[in-house]
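Listing of model-v2.txt; format and content: compact mmCIF, C-alpha atoms and all ligand atoms.
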# COMPACT_ATOMS: atom_id res chain seq x y z
CA MET A 1 104.92 115.52 82.79
CA LEU A 2 103.76 118.71 84.47
CA LEU A 3 99.98 119.19 84.50
CA VAL A 4 98.81 122.74 85.17
CA ASP A 5 95.17 123.27 86.18
CA PRO A 6 93.09 126.39 85.35
CA ARG A 7 94.14 128.02 88.63
CA GLY A 8 97.81 127.57 87.85
CA ARG A 9 98.36 124.69 90.27
CA ASN A 10 101.07 122.27 89.12
CA TYR A 11 101.23 118.51 89.40
CA LEU A 12 104.22 116.35 88.49
CA VAL A 13 102.98 113.08 86.96
CA ARG A 14 104.88 110.08 85.60
CA LEU A 15 102.80 108.73 82.71
CA THR A 16 101.95 105.03 82.39
CA PRO A 17 99.70 103.54 79.70
CA GLY A 18 96.17 103.12 81.10
CA GLY A 19 96.99 105.22 84.19
CA THR A 20 94.78 107.94 85.66
CA PHE A 21 95.61 111.06 87.62
CA HIS A 22 93.15 112.36 90.25
CA THR A 23 92.95 115.98 91.50
CA HIS A 24 90.31 118.39 92.81
CA SER A 25 89.96 119.64 89.24
CA GLY A 26 89.04 116.15 87.97
CA ILE A 27 90.53 112.95 86.62
CA VAL A 28 92.95 112.95 83.68
CA GLY A 29 93.61 109.77 81.69
CA HIS A 30 97.34 109.28 81.02
CA ASP A 31 96.45 107.92 77.56
CA ASP A 32 95.03 111.36 76.67
CA VAL A 33 98.44 112.87 77.40
CA ILE A 34 100.71 110.19 75.88
CA GLY A 35 101.41 111.11 72.27
CA ALA A 36 99.83 114.58 72.55
CA PRO A 37 102.12 117.42 71.43
CA GLU A 38 103.89 119.13 74.34
CA GLY A 39 102.04 122.34 75.24
CA SER A 40 98.60 120.82 74.50
CA THR A 41 95.65 120.96 76.84
CA VAL A 42 93.77 117.82 77.87
CA LEU A 43 90.22 117.53 79.12
CA ALA A 44 89.64 116.21 82.67
CA SER A 45 86.50 114.34 83.77
CA THR A 46 85.05 117.61 85.18
CA GLY A 47 85.30 119.37 81.82
CA ARG A 48 88.23 121.47 83.04
CA ARG A 49 91.35 121.65 80.92
CA PHE A 50 94.90 120.96 82.01
CA LEU A 51 97.94 122.34 80.20
CA VAL A 52 100.58 119.61 79.70
CA VAL A 53 104.33 120.33 79.39
CA ARG A 54 107.53 118.52 80.25
CA PRO A 55 108.75 119.80 83.63
CA THR A 56 111.88 121.94 83.82
CA LEU A 57 114.57 120.99 86.33
CA SER A 58 113.29 123.76 88.67
CA GLU A 59 109.78 122.34 88.55
CA VAL A 60 111.07 118.82 89.20
CA VAL A 61 113.12 119.98 92.19
CA LEU A 62 110.14 121.78 93.75
CA LYS A 63 107.72 118.89 93.15
CA MET A 64 109.79 115.73 93.51
CA PRO A 65 109.60 113.52 96.62
CA ARG A 66 111.84 114.97 99.33
CA GLY A 67 113.33 113.74 102.53
CA ALA A 68 115.59 116.65 103.46
CA GLN A 69 114.98 120.27 102.54
CA VAL A 70 116.14 120.85 98.96
CA ILE A 71 118.15 123.81 97.72
CA TYR A 72 115.89 126.24 95.86
CA PRO A 73 116.32 126.71 92.11
CA LYS A 74 117.44 130.34 92.51
CA ASP A 75 120.43 129.08 94.48
CA LEU A 76 121.05 125.96 92.35
CA GLY A 77 121.68 128.10 89.27
CA ALA A 78 124.08 130.38 91.13
CA ILE A 79 125.90 127.41 92.69
CA LEU A 80 126.67 125.96 89.25
CA MET A 81 128.45 129.22 88.38
CA ALA A 82 130.08 129.82 91.78
CA ALA A 83 131.51 126.29 91.93
CA ASP A 84 132.17 126.32 88.15
CA ILE A 85 130.40 123.01 87.47
CA GLY A 86 130.66 121.74 83.90
CA PRO A 87 131.21 118.67 81.74
CA GLY A 88 133.70 116.16 83.16
CA VAL A 89 134.22 118.01 86.46
CA ARG A 90 134.79 115.54 89.34
CA VAL A 91 132.70 116.49 92.37
CA LEU A 92 132.48 115.16 95.91
CA GLU A 93 129.14 116.25 97.37
CA ALA A 94 128.03 115.99 101.04
CA GLY A 95 125.33 115.60 102.26
CA VAL A 96 123.18 114.78 99.30
CA GLY A 97 119.76 115.04 101.00
CA SER A 98 117.04 114.62 98.38
CA GLY A 99 119.50 115.03 95.52
CA ALA A 100 118.35 118.38 94.11
CA LEU A 101 121.87 119.80 93.91
CA SER A 102 123.15 116.44 92.62
CA MET A 103 120.64 116.65 89.77
CA ALA A 104 121.67 120.19 88.83
CA MET A 105 125.38 119.26 88.79
CA LEU A 106 124.81 116.02 86.85
CA ARG A 107 122.76 117.87 84.29
CA ALA A 108 125.62 120.34 83.87
CA GLY A 109 127.82 117.34 82.99
CA ALA A 110 129.72 116.68 86.24
CA SER A 111 130.52 113.25 87.73
CA VAL A 112 129.27 113.20 91.30
CA THR A 113 130.21 111.04 94.28
CA GLY A 114 127.95 111.76 97.25
CA TYR A 115 128.48 111.10 100.95
CA GLU A 116 125.24 111.00 102.95
CA LEU A 117 124.75 110.06 106.60
CA ARG A 118 121.20 108.80 106.35
CA SER A 119 120.42 105.71 104.31
CA ASP A 120 116.81 106.79 103.65
CA PHE A 121 118.02 110.10 102.16
CA ALA A 122 120.72 108.33 100.13
CA GLU A 123 118.05 106.03 98.70
CA ARG A 124 115.73 108.95 97.97
CA ALA A 125 118.52 110.85 96.17
CA ARG A 126 119.44 107.80 94.05
CA ALA A 127 115.79 107.33 93.08
CA ASN A 128 115.31 111.02 92.23
CA VAL A 129 118.46 111.07 90.09
CA ALA A 130 117.54 107.80 88.33
CA GLY A 131 113.98 109.03 87.71
CA PHE A 132 114.70 112.56 86.55
CA VAL A 133 118.27 112.60 85.19
CA GLY A 134 118.66 108.95 84.17
CA GLY A 135 119.91 105.68 85.63
CA ASP A 136 123.18 105.87 83.66
CA ALA A 137 124.22 109.26 85.12
CA PRO A 138 127.78 109.24 86.61
CA TYR A 139 126.46 109.22 90.18
CA ARG A 140 127.30 107.19 93.27
CA VAL A 141 126.10 107.79 96.83
CA GLU A 142 127.92 106.28 99.81
CA GLU A 143 126.34 106.14 103.25
CA ARG A 144 129.02 107.74 105.38
CA ASP A 145 130.08 110.74 107.46
CA VAL A 146 132.16 113.27 105.53
CA TYR A 147 133.47 114.72 108.83
CA GLU A 148 135.50 111.53 109.16
CA GLY A 149 137.36 111.99 105.89
CA ILE A 150 137.24 111.87 102.09
CA ASP A 151 138.77 108.90 100.23
CA GLU A 152 138.80 110.48 96.76
CA ARG A 153 141.89 112.33 95.56
CA ASN A 154 142.55 114.92 92.86
CA LEU A 155 138.97 116.13 92.99
CA ASP A 156 138.00 119.23 91.05
CA ARG A 157 135.27 120.29 93.50
CA VAL A 158 134.04 119.60 97.03
CA VAL A 159 130.44 120.78 97.40
CA LEU A 160 128.92 120.92 100.89
CA ASP A 161 125.39 121.39 102.21
CA LEU A 162 125.58 120.36 105.87
CA PRO A 163 125.71 122.07 109.28
CA GLU A 164 129.46 122.20 110.00
CA PRO A 165 131.37 122.59 106.71
CA TRP A 166 134.49 123.84 108.55
CA ARG A 167 134.98 120.27 109.79
CA VAL A 168 135.40 119.20 106.16
CA VAL A 169 138.05 121.81 105.28
CA PRO A 170 141.07 119.69 106.38
CA HIS A 171 139.73 116.69 104.39
CA ALA A 172 138.94 118.83 101.33
CA ARG A 173 142.45 120.22 101.41
CA VAL A 174 143.86 116.72 100.92
CA ALA A 175 141.18 115.55 98.49
CA LEU A 176 141.15 118.56 96.12
CA ARG A 177 143.73 119.23 93.44
CA GLY A 178 145.53 122.60 93.50
CA GLY A 179 143.13 125.25 92.20
CA GLY A 180 140.14 123.03 93.01
CA ILE A 181 137.08 124.73 94.47
CA LEU A 182 135.41 124.15 97.82
CA PHE A 183 131.79 125.32 97.87
CA ALA A 184 129.56 125.41 100.96
CA TYR A 185 125.93 126.38 101.48
CA VAL A 186 124.89 127.39 105.01
CA PRO A 187 121.84 129.27 106.32
CA SER A 188 123.47 131.27 109.11
CA ILE A 189 126.14 133.99 108.91
CA THR A 190 127.83 132.69 112.07
CA GLN A 191 128.40 129.44 110.17
CA VAL A 192 129.91 131.48 107.33
CA ALA A 193 132.29 133.20 109.77
CA GLU A 194 133.47 129.89 111.19
CA LEU A 195 133.92 128.41 107.72
CA ARG A 196 135.83 131.43 106.41
CA ALA A 197 138.22 131.28 109.38
CA ALA A 198 138.84 127.57 108.73
CA LEU A 199 139.45 128.24 105.00
CA ASP A 200 141.96 131.03 105.78
CA ARG A 201 143.87 128.74 108.15
CA GLY A 202 143.49 125.66 105.99
CA GLY A 203 145.28 126.25 102.69
CA PHE A 204 142.51 127.97 100.73
CA ALA A 205 142.46 131.39 99.02
CA LEU A 206 140.16 133.68 97.00
CA ALA A 207 137.25 133.05 99.36
CA GLU A 208 133.93 134.69 98.50
CA THR A 209 130.51 134.70 100.17
CA SER A 210 127.23 135.86 98.64
CA GLU A 211 123.47 135.40 98.80
CA ILE A 212 120.87 135.38 96.04
CA LEU A 213 117.70 137.47 96.32
CA LYS A 214 115.03 136.72 93.76
CA ARG A 215 111.93 138.91 93.53
CA THR A 216 109.10 137.77 91.29
CA TRP A 217 106.59 140.19 89.73
CA HIS A 218 102.86 140.21 89.40
CA VAL A 219 101.97 141.14 85.80
CA GLU A 220 98.27 141.44 85.05
CA SER A 221 96.88 144.16 82.74
CA ARG A 222 97.67 147.48 84.49
CA SER A 223 98.71 145.91 87.76
CA VAL A 224 102.41 145.43 87.21
CA ARG A 225 104.40 145.36 90.40
CA PRO A 226 106.61 143.13 92.54
CA ASP A 227 104.75 140.25 94.21
CA HIS A 228 103.86 140.97 97.83
CA ARG A 229 105.69 137.94 99.14
CA MET A 230 109.18 136.69 98.51
CA VAL A 231 111.51 134.12 100.00
CA ALA A 232 113.73 136.54 101.89
CA HIS A 233 116.42 134.11 102.98
CA THR A 234 117.61 130.63 102.12
CA GLY A 235 121.37 130.24 102.44
CA PHE A 236 124.77 131.85 101.95
CA LEU A 237 127.03 130.65 99.13
CA THR A 238 130.74 130.46 99.92
CA THR A 239 133.56 129.39 97.60
CA ALA A 240 137.34 129.18 97.97
CA ARG A 241 140.25 127.82 95.89
CA ARG A 242 142.67 125.16 97.09
CA LEU A 243 146.28 126.41 97.07
CA ALA A 244 148.97 124.20 95.51
CA VAL A 245 151.47 124.73 98.31
CA ASP A 246 151.24 122.10 101.03
CA GLU A 247 151.59 124.23 104.14
CA SER A 248 151.46 121.24 106.46
CA LYS A 249 155.19 120.75 105.78
N1 LIG A 301 121.66 119.78 98.98
C1 LIG A 301 120.64 118.78 99.22
C2 LIG A 301 120.06 118.88 100.61
C3 LIG A 301 121.05 118.51 101.71
S1 LIG A 301 120.30 118.52 103.30
C4 LIG A 301 119.55 118.89 98.16
O1 LIG A 301 119.62 119.83 97.35
O2 LIG A 301 118.65 118.05 98.08
C5 LIG A 301 121.68 118.11 104.30
C6 LIG A 301 122.04 116.65 104.28
O3 LIG A 301 123.31 116.49 104.86
C7 LIG A 301 121.08 115.77 105.08
O4 LIG A 301 120.58 114.77 104.23
C8 LIG A 301 121.97 115.17 106.18
O5 LIG A 301 121.62 113.83 106.49
C9 LIG A 301 123.34 115.25 105.54
N2 LIG A 301 124.49 115.30 106.45
C10 LIG A 301 124.59 116.04 107.60
N3 LIG A 301 125.81 115.87 108.14
C11 LIG A 301 126.50 115.01 107.35
C12 LIG A 301 127.81 114.43 107.39
N4 LIG A 301 128.64 114.70 108.40
N5 LIG A 301 128.19 113.57 106.39
C13 LIG A 301 127.33 113.28 105.37
N6 LIG A 301 126.08 113.79 105.28
C14 LIG A 301 125.66 114.65 106.25
Could you express the structure from this file as structure tokens?
Ligand code: SAH
Amino acid sequence: MLLVDPRGRNYLVRLTPGGTFHTHSGIVGHDDVIGAPEGSTVLASTGRRFLVVRPTLSEVVLKMPRGAQVIYPKDLGAILMAADIGPGVRVLEAGVGSGALSMAMLRAGASVTGYELRSDFAERARANVAGFVGGDAPYRVEERDVYEGIDERNLDRVVLDLPEPWRVVPHARVALRGGGILFAYVPSITQVAELRAALDRGGFALAETSEILKRTWHVESRSVRPDHRMVAHTGFLTTARRLAVDESK
């Protein structure tokens, strides 16, 4: 559950019978939350009230335990559209990091195989997916280096969030079906340039690169204006389609 204190601070809490949750705003008994209608407020030991709702996927991603940096929700939503992720779509994802993007794709109905270099991150991603999407989600993470190759064939999508996606282009070309989509997320435009050159050489077409700017607003009586601060940059989104022709011949 998501507990929101009177100052708007959020806490992600997994409820267990008899459990307690401690914050600066007081102690909340899990039993006071279990069975209460969603959207209720519960009283903490200090007399302060917490609002209790189920967390959205965005809230989970921002609050869940992380190893690697996660992709922000503003980008996750756009990635689902850019890479056209939907029910039954077969995805190879590398690296998986904390599993935020895995969770978004699984929730959209995809089957995801992940390649991740670090065993601690792989374990973290599996735990996050099992805890927040469900243990029966079509999800498998292998501890391996995607720069060395992809074993899967006839994939619908190859989704990359790692430093040198251009090194994956030759492997993705073999692993993707014709018309399949390669998606890559990189923070620097020089990485985009190198990737785009590799895609042009490597049997891909219809390449596109974009970035997502999200500006939140402060809305309080007559003070209605953009917030002073925003996250100005996260990463660039690039997609391209695998051509059917095998140009290696
Ligand atoms: N998209 C993830 C975050 C990925 S962070 C999320 O939303 O949570 C980048 C990850 O790529 C790191 O975990 C890193 O260990 C992994 N990585 C880097 N190079 C790799 C490679 N060659 N093969 C597999 N994983 C790699």
Counting only C-alpha atoms and all ligand atoms, which of A:His30, A:Arg167, A:Lys74, A:Arg157 gets nearest to ligand LIG 301 (chain A)?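 Among the listed residues, the smallest separation from ligand LIG 301 (chain A) belongs to A:Arg167.
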Per-residue nearest contacts chain A to ligand LIG 301 (chain A), cut-off 6 Å, using all atoms listed in the file, as CSV:
residue,atom,partner,partner_atom,distance
A:Ala68,CA,A:LIG301,S1,5.1
A:Gln69,CA,A:LIG301,C2,5.6
A:Val70,CA,A:LIG301,O2,3.9
A:Ile71,CA,A:LIG301,O1,4.3
A:Ala94,CA,A:LIG301,C13,5.2
A:Gly95,CA,A:LIG301,O3,3.4
A:Val96,CA,A:LIG301,C1,4.7
A:Gly97,CA,A:LIG301,O4,3.3
A:Ser98,CA,A:LIG301,O2,3.8
A:Gly99,CA,A:LIG301,O2,4.0
A:Ala100,CA,A:LIG301,O1,3.8
A:Leu101,CA,A:LIG301,O1,4.1
A:Tyr115,CA,A:LIG301,C13,5.1
A:Glu116,CA,A:LIG301,N6,3.7
A:Leu117,CA,A:LIG301,N6,4.2
A:Arg118,CA,A:LIG301,O5,5.0
A:Phe121,CA,A:LIG301,O4,5.7
A:Arg144,CA,A:LIG301,C13,5.8
A:Asp145,CA,A:LIG301,N5,3.6
A:Val146,CA,A:LIG301,N5,4.1
A:Tyr147,CA,A:LIG301,N4,4.8
A:Asp161,CA,A:LIG301,N1,5.2
A:Leu162,CA,A:LIG301,O3,4.6
Find the residues of region 195-221 of chain A that sit at most 8 Å from region 227-230 of chain A; for each, write down the nearest two atoms and how far apart they are in Å, to one decimal. Count only C-alpha atoms. Sort by chain, then by number going up, and give it as a Markdown table.
| residue | atom | partner | partner_atom | distance |
| --- | --- | --- | --- | --- |
| A:Lys214 | CA | A:Met230 | CA | 7.5 |
| A:Arg215 | CA | A:Met230 | CA | 6.1 |
| A:Thr216 | CA | A:Asp227 | CA | 5.8 |
| A:Trp217 | CA | A:Asp227 | CA | 4.8 |
| A:His218 | CA | A:Asp227 | CA | 5.2 |
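CA of Pro17 (chain A) to CA of Glu59 (chain A) spans 23.1 Å [interatomic distance, one decimal].
The two atoms in question, CA of Val141 (chain A) and CA of Met105 (chain A), are spaced 14.0 Å apart.
Reported to one decimal place, the separation of CA of Val4 (chain A) from CA of Val52 (chain A) is 6.5 Å.
Contact shell of Thr16 (chain A) at 10 Å (only C-alpha atoms; same-chain neighbours under 6 positions omitted): Gly29, His30, Asp31, Val33 and Ile34 of chain A.
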Within 12 Å of region 196-200 of chain A, counting only C-alpha atoms, which residues qualify if same-chain residues fewer than 4 places away don't, as a ChimeraX atom specification? /A:164-173,181-184,186,189-192,204-209,236-243,247
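Of the listed residues (A:Val174, A:Val13, A:Ala78, A:Leu57), A:Ala78 comes nearest to Ser210 (chain A); the distances count all atoms listed in the file.
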May I ask which of the residues A:Glu38, A:Asp84, A:Glu143, A:Asp120 is the closest one to Met1 (chain A), counting all atoms listed in the file?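 Residue with the minimum atom-to-atom distance to Met1 (chain A): A:Glu38.
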